[in-house]
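Engineer: query-v1.pdb is the file, holding PDB, C-alpha atoms, pLDDT in the B column:
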```pdb
ATOM      1  CA  MET A   1       0.000   0.000   0.000  1.00 55.00           C
ATOM      2  CA  ALA A   2       1.257   3.470  -0.855  1.00 67.00           C
ATOM      3  CA  SER A   3       2.273   5.720   1.981  1.00 92.00           C
ATOM      4  CA  ARG A   4       3.780   8.770   0.237  1.00 97.00           C
ATOM      5  CA  ILE A   5       1.730  10.265  -2.590  1.00 97.00           C
ATOM      6  CA  LEU A   6       2.804  12.853  -5.179  1.00 98.00           C
ATOM      7  CA  ILE A   7      -0.020  14.949  -6.640  1.00 98.00           C
ATOM      8  CA  THR A   8       0.925  16.818  -9.803  1.00 97.00           C
ATOM      9  CA  HIS A   9      -0.122  20.403 -10.562  1.00 95.00           C
ATOM     10  CA  GLY A  10       0.272  20.825  -6.828  1.00 95.00           C
ATOM     11  CA  THR A  11      -0.032  24.597  -6.726  1.00 94.00           C
ATOM     12  CA  ARG A  12      -3.501  24.535  -8.286  1.00 95.00           C
ATOM     13  CA  PRO A  13      -6.681  24.616  -6.160  1.00 95.00           C
ATOM     14  CA  PHE A  14      -7.946  21.295  -7.538  1.00 96.00           C
ATOM     15  CA  ALA A  15      -4.721  19.533  -6.509  1.00 97.00           C
ATOM     16  CA  GLN A  16      -5.042  21.018  -3.021  1.00 96.00           C
ATOM     17  CA  ARG A  17      -8.600  19.680  -2.844  1.00 96.00           C
ATOM     18  CA  VAL A  18      -7.407  16.178  -3.765  1.00 97.00           C
ATOM     19  CA  GLY A  19      -4.596  16.485  -1.224  1.00 97.00           C
ATOM     20  CA  LYS A  20      -7.091  17.268   1.547  1.00 97.00           C
ATOM     21  CA  LEU A  21      -8.936  14.047   0.730  1.00 96.00           C
ATOM     22  CA  LEU A  22      -5.754  11.978   0.952  1.00 97.00           C
ATOM     23  CA  ARG A  23      -3.820  13.562   3.813  1.00 95.00           C
ATOM     24  CA  ASP A  24      -5.522  11.605   6.597  1.00 93.00           C
ATOM     25  CA  ARG A  25      -4.307   8.280   5.179  1.00 94.00           C
ATOM     26  CA  TYR A  26      -1.155   9.235   3.261  1.00 96.00           C
ATOM     27  CA  GLU A  27       1.851  11.519   3.410  1.00 97.00           C
ATOM     28  CA  VAL A  28       1.020  13.940   0.601  1.00 97.00           C
ATOM     29  CA  ARG A  29       3.541  15.813  -1.529  1.00 98.00           C
ATOM     30  CA  PHE A  30       2.609  18.305  -4.208  1.00 98.00           C
ATOM     31  CA  GLY A  31       4.627  18.492  -7.406  1.00 96.00           C
ATOM     32  CA  SER A  32       4.596  21.050 -10.142  1.00 94.00           C
ATOM     33  CA  ALA A  33       6.368  21.980 -13.336  1.00 91.00           C
ATOM     34  CA  ASP A  34       5.209  25.565 -12.746  1.00 90.00           C
ATOM     35  CA  ASP A  35       7.414  27.852 -10.730  1.00 90.00           C
ATOM     36  CA  VAL A  36       6.993  26.908  -7.083  1.00 91.00           C
ATOM     37  CA  PRO A  37       7.789  29.682  -4.602  1.00 92.00           C
ATOM     38  CA  HIS A  38      10.968  28.997  -2.648  1.00 93.00           C
ATOM     39  CA  VAL A  39       9.105  29.246   0.648  1.00 93.00           C
ATOM     40  CA  LEU A  40       6.861  26.312  -0.395  1.00 93.00           C
ATOM     41  CA  LEU A  41       9.824  24.226  -1.554  1.00 93.00           C
ATOM     42  CA  GLN A  42      11.443  24.735   1.856  1.00 94.00           C
ATOM     43  CA  THR A  43       8.461  23.104   3.604  1.00 94.00           C
ATOM     44  CA  GLY A  44       9.355  19.746   2.049  1.00 92.00           C
ATOM     45  CA  ASN A  45       5.747  19.300   0.912  1.00 96.00           C
ATOM     46  CA  TYR A  46       6.357  20.677  -2.594  1.00 96.00           C
ATOM     47  CA  ILE A  47       8.574  19.277  -5.331  1.00 96.00           C
ATOM     48  CA  GLN A  48       9.632  20.998  -8.537  1.00 94.00           C
ATOM     49  CA  PHE A  49       9.949  18.800 -11.626  1.00 92.00           C
ATOM     50  CA  PRO A  50      10.297  19.398 -15.391  1.00 90.00           C
ATOM     51  CA  GLY A  51       7.263  20.056 -17.568  1.00 90.00           C
ATOM     52  CA  VAL A  52       5.578  17.639 -19.946  1.00 91.00           C
ATOM     53  CA  ASP A  53       7.298  19.297 -22.890  1.00 91.00           C
ATOM     54  CA  THR A  54      10.663  18.135 -21.577  1.00 89.00           C
ATOM     55  CA  ALA A  55      12.238  15.506 -23.838  1.00 85.00           C
ATOM     56  CA  ALA A  56      12.279  12.791 -21.163  1.00 90.00           C
ATOM     57  CA  PHE A  57       9.420  13.893 -18.903  1.00 93.00           C
ATOM     58  CA  GLU A  58       8.538  10.371 -17.781  1.00 95.00           C
ATOM     59  CA  HIS A  59      12.132   9.559 -16.823  1.00 94.00           C
ATOM     60  CA  GLU A  60      12.601  12.891 -15.030  1.00 94.00           C
ATOM     61  CA  LEU A  61       9.406  12.336 -13.054  1.00 96.00           C
ATOM     62  CA  LEU A  62      10.522   8.789 -12.213  1.00 97.00           C
ATOM     63  CA  ARG A  63      13.857  10.120 -10.941  1.00 95.00           C
ATOM     64  CA  THR A  64      11.999  12.737  -8.882  1.00 95.00           C
ATOM     65  CA  CYS A  65       9.816  10.007  -7.368  1.00 97.00           C
ATOM     66  CA  LEU A  66      12.810   7.835  -6.524  1.00 97.00           C
ATOM     67  CA  ASP A  67      14.721  10.744  -4.982  1.00 96.00           C
ATOM     68  CA  ASN A  68      11.712  11.637  -2.803  1.00 95.00           C
ATOM     69  CA  HIS A  69      10.623   8.077  -1.882  1.00 97.00           C
ATOM     70  CA  ILE A  70       7.235   8.430  -3.594  1.00 97.00           C
ATOM     71  CA  ASP A  71       5.017   5.327  -3.607  1.00 97.00           C
ATOM     72  CA  ALA A  72       2.221   6.593  -5.869  1.00 97.00           C
ATOM     73  CA  VAL A  73       1.672   9.449  -8.310  1.00 97.00           C
ATOM     74  CA  VAL A  74      -1.715  11.088  -8.855  1.00 97.00           C
ATOM     75  CA  PRO A  75      -1.362  12.858 -12.221  1.00 97.00           C
ATOM     76  CA  LEU A  76      -3.918  15.633 -12.587  1.00 97.00           C
ATOM     77  CA  GLY A  77      -2.682  17.290 -15.787  1.00 94.00           C
ATOM     78  CA  GLU A  78      -4.391  16.226 -18.987  1.00 91.00           C
ATOM     79  CA  LYS A  79      -1.120  16.103 -20.938  1.00 91.00           C
ATOM     80  CA  GLU A  80       0.643  14.207 -18.139  1.00 92.00           C
ATOM     81  CA  MET A  81      -2.003  11.512 -18.198  1.00 91.00           C
ATOM     82  CA  GLY A  82      -1.345  10.763 -21.848  1.00 86.00           C
ATOM     83  CA  LEU A  83       2.395  10.438 -21.283  1.00 89.00           C
ATOM     84  CA  LEU A  84       2.166   8.506 -18.023  1.00 92.00           C
ATOM     85  CA  ALA A  85      -0.367   6.017 -19.398  1.00 89.00           C
ATOM     86  CA  ARG A  86       2.467   4.636 -21.507  1.00 89.00           C
ATOM     87  CA  ALA A  87       4.954   4.726 -18.607  1.00 93.00           C
ATOM     88  CA  GLN A  88       2.944   2.814 -16.000  1.00 93.00           C
ATOM     89  CA  LEU A  89       4.985  -0.379 -16.433  1.00 93.00           C
ATOM     90  CA  LEU A  90       8.260   1.536 -16.112  1.00 95.00           C
ATOM     91  CA  PHE A  91       7.124   3.079 -12.813  1.00 97.00           C
ATOM     92  CA  ALA A  92       5.791  -0.279 -11.612  1.00 96.00           C
ATOM     93  CA  GLU A  93       9.270  -1.781 -12.042  1.00 97.00           C
ATOM     94  CA  TYR A  94      10.347   0.590  -9.259  1.00 97.00           C
ATOM     95  CA  SER A  95       7.234  -0.117  -7.138  1.00 97.00           C
ATOM     96  CA  ILE A  96       5.689   3.267  -7.894  1.00 97.00           C
ATOM     97  CA  ALA A  97       1.997   3.210  -8.748  1.00 96.00           C
ATOM     98  CA  ILE A  98       0.418   5.741 -11.070  1.00 96.00           C
ATOM     99  CA  TRP A  99      -3.166   6.302  -9.982  1.00 95.00           C
ATOM    100  CA  MET A 100      -4.834   6.725 -13.321  1.00 93.00           C
ATOM    101  CA  PRO A 101      -6.657   4.339 -15.648  1.00 89.00           C
ATOM    102  CA  ASP A 102      -4.548   1.979 -17.704  1.00 80.00           C
ATOM    103  CA  GLY A 103      -3.909   3.269 -21.205  1.00 68.00           C
ATOM    104  CA  GLY A 104      -6.535   0.945 -22.693  1.00 66.00           C
ATOM    105  CA  TYR A 105      -9.282   2.424 -20.509  1.00 70.00           C
ATOM    106  CA  LEU A 106      -8.225   6.049 -20.754  1.00 70.00           C
ATOM    107  CA  GLY A 107      -9.757   6.741 -24.164  1.00 70.00           C
ATOM    108  CA  GLY A 108     -13.129   5.242 -23.246  1.00 75.00           C
ATOM    109  CA  LEU A 109     -13.725   7.358 -20.145  1.00 84.00           C
ATOM    110  CA  ASN A 110     -15.537  10.625 -19.775  1.00 87.00           C
ATOM    111  CA  LEU A 111     -12.925  13.273 -19.042  1.00 89.00           C
ATOM    112  CA  LEU A 112     -13.980  16.197 -16.870  1.00 91.00           C
ATOM    113  CA  ARG A 113     -11.633  19.157 -17.053  1.00 93.00           C
ATOM    114  CA  ASN A 114     -11.456  21.479 -14.047  1.00 92.00           C
ATOM    115  CA  PRO A 115     -14.374  19.936 -12.096  1.00 92.00           C
ATOM    116  CA  GLU A 116     -16.601  22.242 -10.113  1.00 90.00           C
ATOM    117  CA  ARG A 117     -16.113  22.367  -6.376  1.00 91.00           C
ATOM    118  CA  GLN A 118     -19.594  21.093  -5.479  1.00 90.00           C
ATOM    119  CA  TRP A 119     -19.082  17.744  -7.229  1.00 90.00           C
ATOM    120  CA  PRO A 120     -17.941  15.041  -4.819  1.00 92.00           C
ATOM    121  CA  LEU A 121     -14.620  13.395  -5.606  1.00 94.00           C
ATOM    122  CA  VAL A 122     -13.471   9.834  -5.104  1.00 93.00           C
ATOM    123  CA  VAL A 123      -9.880   8.650  -5.418  1.00 95.00           C
ATOM    124  CA  LEU A 124      -9.622   5.072  -6.657  1.00 92.00           C
ATOM    125  CA  ASP A 125      -6.708   2.651  -6.608  1.00 91.00           C
ATOM    126  CA  HIS A 126      -7.638  -0.310  -8.826  1.00 88.00           C
ATOM    127  CA  GLY A 127     -11.304   0.094  -7.955  1.00 86.00           C
ATOM    128  CA  VAL A 128     -10.784   0.582  -4.227  1.00 87.00           C
ATOM    129  CA  ALA A 129     -11.965   3.942  -2.919  1.00 89.00           C
ATOM    130  CA  VAL A 130      -8.978   5.201  -0.911  1.00 91.00           C
ATOM    131  CA  ALA A 131     -10.496   8.639  -0.234  1.00 92.00           C
ATOM    132  CA  GLY A 132     -13.603  10.681  -0.901  1.00 90.00           C
ATOM    133  CA  ALA A 133     -17.179   9.812  -1.722  1.00 81.00           C
ATOM    134  CA  GLN A 134     -18.301   6.200  -1.557  1.00 76.00           C
ATOM    135  CA  LEU A 135     -19.567   4.508  -4.704  1.00 72.00           C
ATOM    136  CA  GLU A 136     -22.429   2.066  -5.067  1.00 69.00           C
ATOM    137  CA  GLU A 137     -20.459   0.038  -7.599  1.00 67.00           C
ATOM    138  CA  GLN A 138     -16.701  -0.363  -7.562  1.00 61.00           C
ATOM    139  CA  PRO A 139     -15.135  -0.258 -11.056  1.00 67.00           C
ATOM    140  CA  THR A 140     -12.347  -2.780 -10.462  1.00 67.00           C
ATOM    141  CA  ALA A 141      -9.912  -1.605 -13.126  1.00 75.00           C
ATOM    142  CA  LEU A 142      -9.990   2.130 -12.476  1.00 88.00           C
ATOM    143  CA  SER A 143      -7.486   4.287 -10.655  1.00 92.00           C
ATOM    144  CA  GLY A 144      -7.429   8.072 -10.411  1.00 94.00           C
ATOM    145  CA  VAL A 145      -9.600  10.954  -9.282  1.00 96.00           C
ATOM    146  CA  PHE A 146     -13.223  10.662 -10.365  1.00 93.00           C
ATOM    147  CA  THR A 147     -16.566  12.372  -9.933  1.00 93.00           C
ATOM    148  CA  ARG A 148     -20.139  11.767 -10.978  1.00 86.00           C
ATOM    149  CA  PRO A 149     -21.536  15.168 -12.060  1.00 80.00           C
ATOM    150  CA  SER A 150     -25.099  13.895 -11.688  1.00 79.00           C
ATOM    151  CA  PRO A 151     -26.678  10.672 -10.383  1.00 76.00           C
ATOM    152  CA  THR A 152     -27.557   9.558 -13.921  1.00 77.00           C
ATOM    153  CA  GLU A 153     -24.115  10.141 -15.434  1.00 81.00           C
ATOM    154  CA  ALA A 154     -21.198   7.718 -15.503  1.00 83.00           C
ATOM    155  CA  LEU A 155     -18.038   8.332 -13.531  1.00 87.00           C
ATOM    156  CA  ALA A 156     -15.793  10.940 -15.104  1.00 90.00           C
ATOM    157  CA  LEU A 157     -12.021  11.094 -14.750  1.00 92.00           C
ATOM    158  CA  CYS A 158     -11.032  14.516 -13.382  1.00 95.00           C
ATOM    159  CA  CYS A 159      -8.096  16.507 -14.664  1.00 94.00           C
ATOM    160  CA  ILE A 160      -6.699  20.001 -15.011  1.00 93.00           C
ATOM    161  CA  ALA A 161      -6.974  21.174 -18.619  1.00 86.00           C
ATOM    162  CA  GLY A 162      -3.893  22.100 -20.548  1.00 68.00           C
TER     163      GLY A 162
END
```
Mind turning this structure into structure tokens?
Structural biologist:
Amino acid sequence: MASRILITHGTRPFAQRVGKLLRDRYEVRFGSADDVPHVLLQTGNYIQFPGVDTAAFEHELLRTCLDNHIDAVVPLGEKEMGLLARAQLLFAEYSIAIWMPDGGYLGGLNLLRNPERQWPLVVLDHGVAVAGAQLEEQPTALSGVFTRPSPTEALALCCIAG
């Protein structure tokens, strides 16, 4: 079971919201490719890493995770999800989970960019709700941050656009 979690886009309000859900059960770190103020970096709760446009983003993020003893990554950036879907096996070789749907499921899911605050979130790790709202049915293959915008809609994978 993961004990130290890295949430990407960590300086954004949505990432902070996800972090609040997880902090009772996990040691949460926030990572960002954006400029992180020095005062936040000094707390030890924030990690700077290269952006998705970097030539070897996946490898740089893996190195960052290894250096900081990260057990699981919660990618919230839309572009990151596409890159990390292909790198899940690489991270798994180092016992680092990426909490997002496997690449084969990613294209078939509803994607909700910048979800509204009133929608309840659930964080899944292979179908197990590790934080947030409880679900009536547990989708066994899904990992990531999800919401159901209305009772009649299917689960939607949440991300930060861009």
Engineer: At a cut-off of 6 Å, using only C-alpha atoms, what residues contact Leu6 of chain A? Leave out same-chain residues fewer than 2 positions from it and give the result as number ranges by chain.
Structural biologist: A: 29-30, 73
Engineer: Could you pull the residues within 8 Å of Leu157 of chain A, counting all atoms listed in the file, minus those fewer than 3 positions along the same chain, as a ChimeraX atom specification?
Structural biologist: /A:109-112,144-147
Engineer: Using atom CA of Pro101 of chain A and atom CA of Gln16 of chain A as the two end points, give the distance in Å to one decimal.
Structural biologist: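 Interatomic distance, atom CA of Pro101 of chain A to atom CA of Gln16 of chain A: 21.0 Å.
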Engineer: Quick one, how far is atom CA of Val36 of chain A from atom CA of Arg63 of chain A?
Structural biologist: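 Distance reported for this atom pair: 18.5 Å.
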Engineer: List as a list in words the residues having at least one atom at most 10 Å from position (-1.8, 14.9, -15.8) as given in the file, counting only C-alpha atoms.
Structural biologist: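 Here is the list of nearby residues: Ile7, Thr8, His9, Val52, Val73, Val74, Pro75, Leu76, Gly77, Glu78, Lys79, Glu80, Met81, Gly82, Leu83, Leu84, Ala85, Met100, Cys158, Cys159, Ile160, Ala161 and Gly162 of chain A.
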Engineer: Could you save those same residues with C-alpha atoms as a PDB file, in the frame of the given file?
Structural biologist:
```pdb
ATOM      1  CA  ILE A   7      -0.020  14.949  -6.640  1.00 98.00           C
ATOM      2  CA  THR A   8       0.925  16.818  -9.803  1.00 97.00           C
ATOM      3  CA  HIS A   9      -0.122  20.403 -10.562  1.00 95.00           C
ATOM      4  CA  VAL A  52       5.578  17.639 -19.946  1.00 91.00           C
ATOM      5  CA  VAL A  73       1.672   9.449  -8.310  1.00 97.00           C
ATOM      6  CA  VAL A  74      -1.715  11.088  -8.855  1.00 97.00           C
ATOM      7  CA  PRO A  75      -1.362  12.858 -12.221  1.00 97.00           C
ATOM      8  CA  LEU A  76      -3.918  15.633 -12.587  1.00 97.00           C
ATOM      9  CA  GLY A  77      -2.682  17.290 -15.787  1.00 94.00           C
ATOM     10  CA  GLU A  78      -4.391  16.226 -18.987  1.00 91.00           C
ATOM     11  CA  LYS A  79      -1.120  16.103 -20.938  1.00 91.00           C
ATOM     12  CA  GLU A  80       0.643  14.207 -18.139  1.00 92.00           C
ATOM     13  CA  MET A  81      -2.003  11.512 -18.198  1.00 91.00           C
ATOM     14  CA  GLY A  82      -1.345  10.763 -21.848  1.00 86.00           C
ATOM     15  CA  LEU A  83       2.395  10.438 -21.283  1.00 89.00           C
ATOM     16  CA  LEU A  84       2.166   8.506 -18.023  1.00 92.00           C
ATOM     17  CA  ALA A  85      -0.367   6.017 -19.398  1.00 89.00           C
ATOM     18  CA  MET A 100      -4.834   6.725 -13.321  1.00 93.00           C
ATOM     19  CA  CYS A 158     -11.032  14.516 -13.382  1.00 95.00           C
ATOM     20  CA  CYS A 159      -8.096  16.507 -14.664  1.00 94.00           C
ATOM     21  CA  ILE A 160      -6.699  20.001 -15.011  1.00 93.00           C
ATOM     22  CA  ALA A 161      -6.974  21.174 -18.619  1.00 86.00           C
ATOM     23  CA  GLY A 162      -3.893  22.100 -20.548  1.00 68.00           C
TER      24      GLY A 162
END
```
Engineer: Looking at A:Pro149, A:Asn45, A:Ser32, A:Leu22, which one is nearest to Arg117 of chain A, with distances taken over all atoms listed in the file?
Structural biologist: A:Pro149
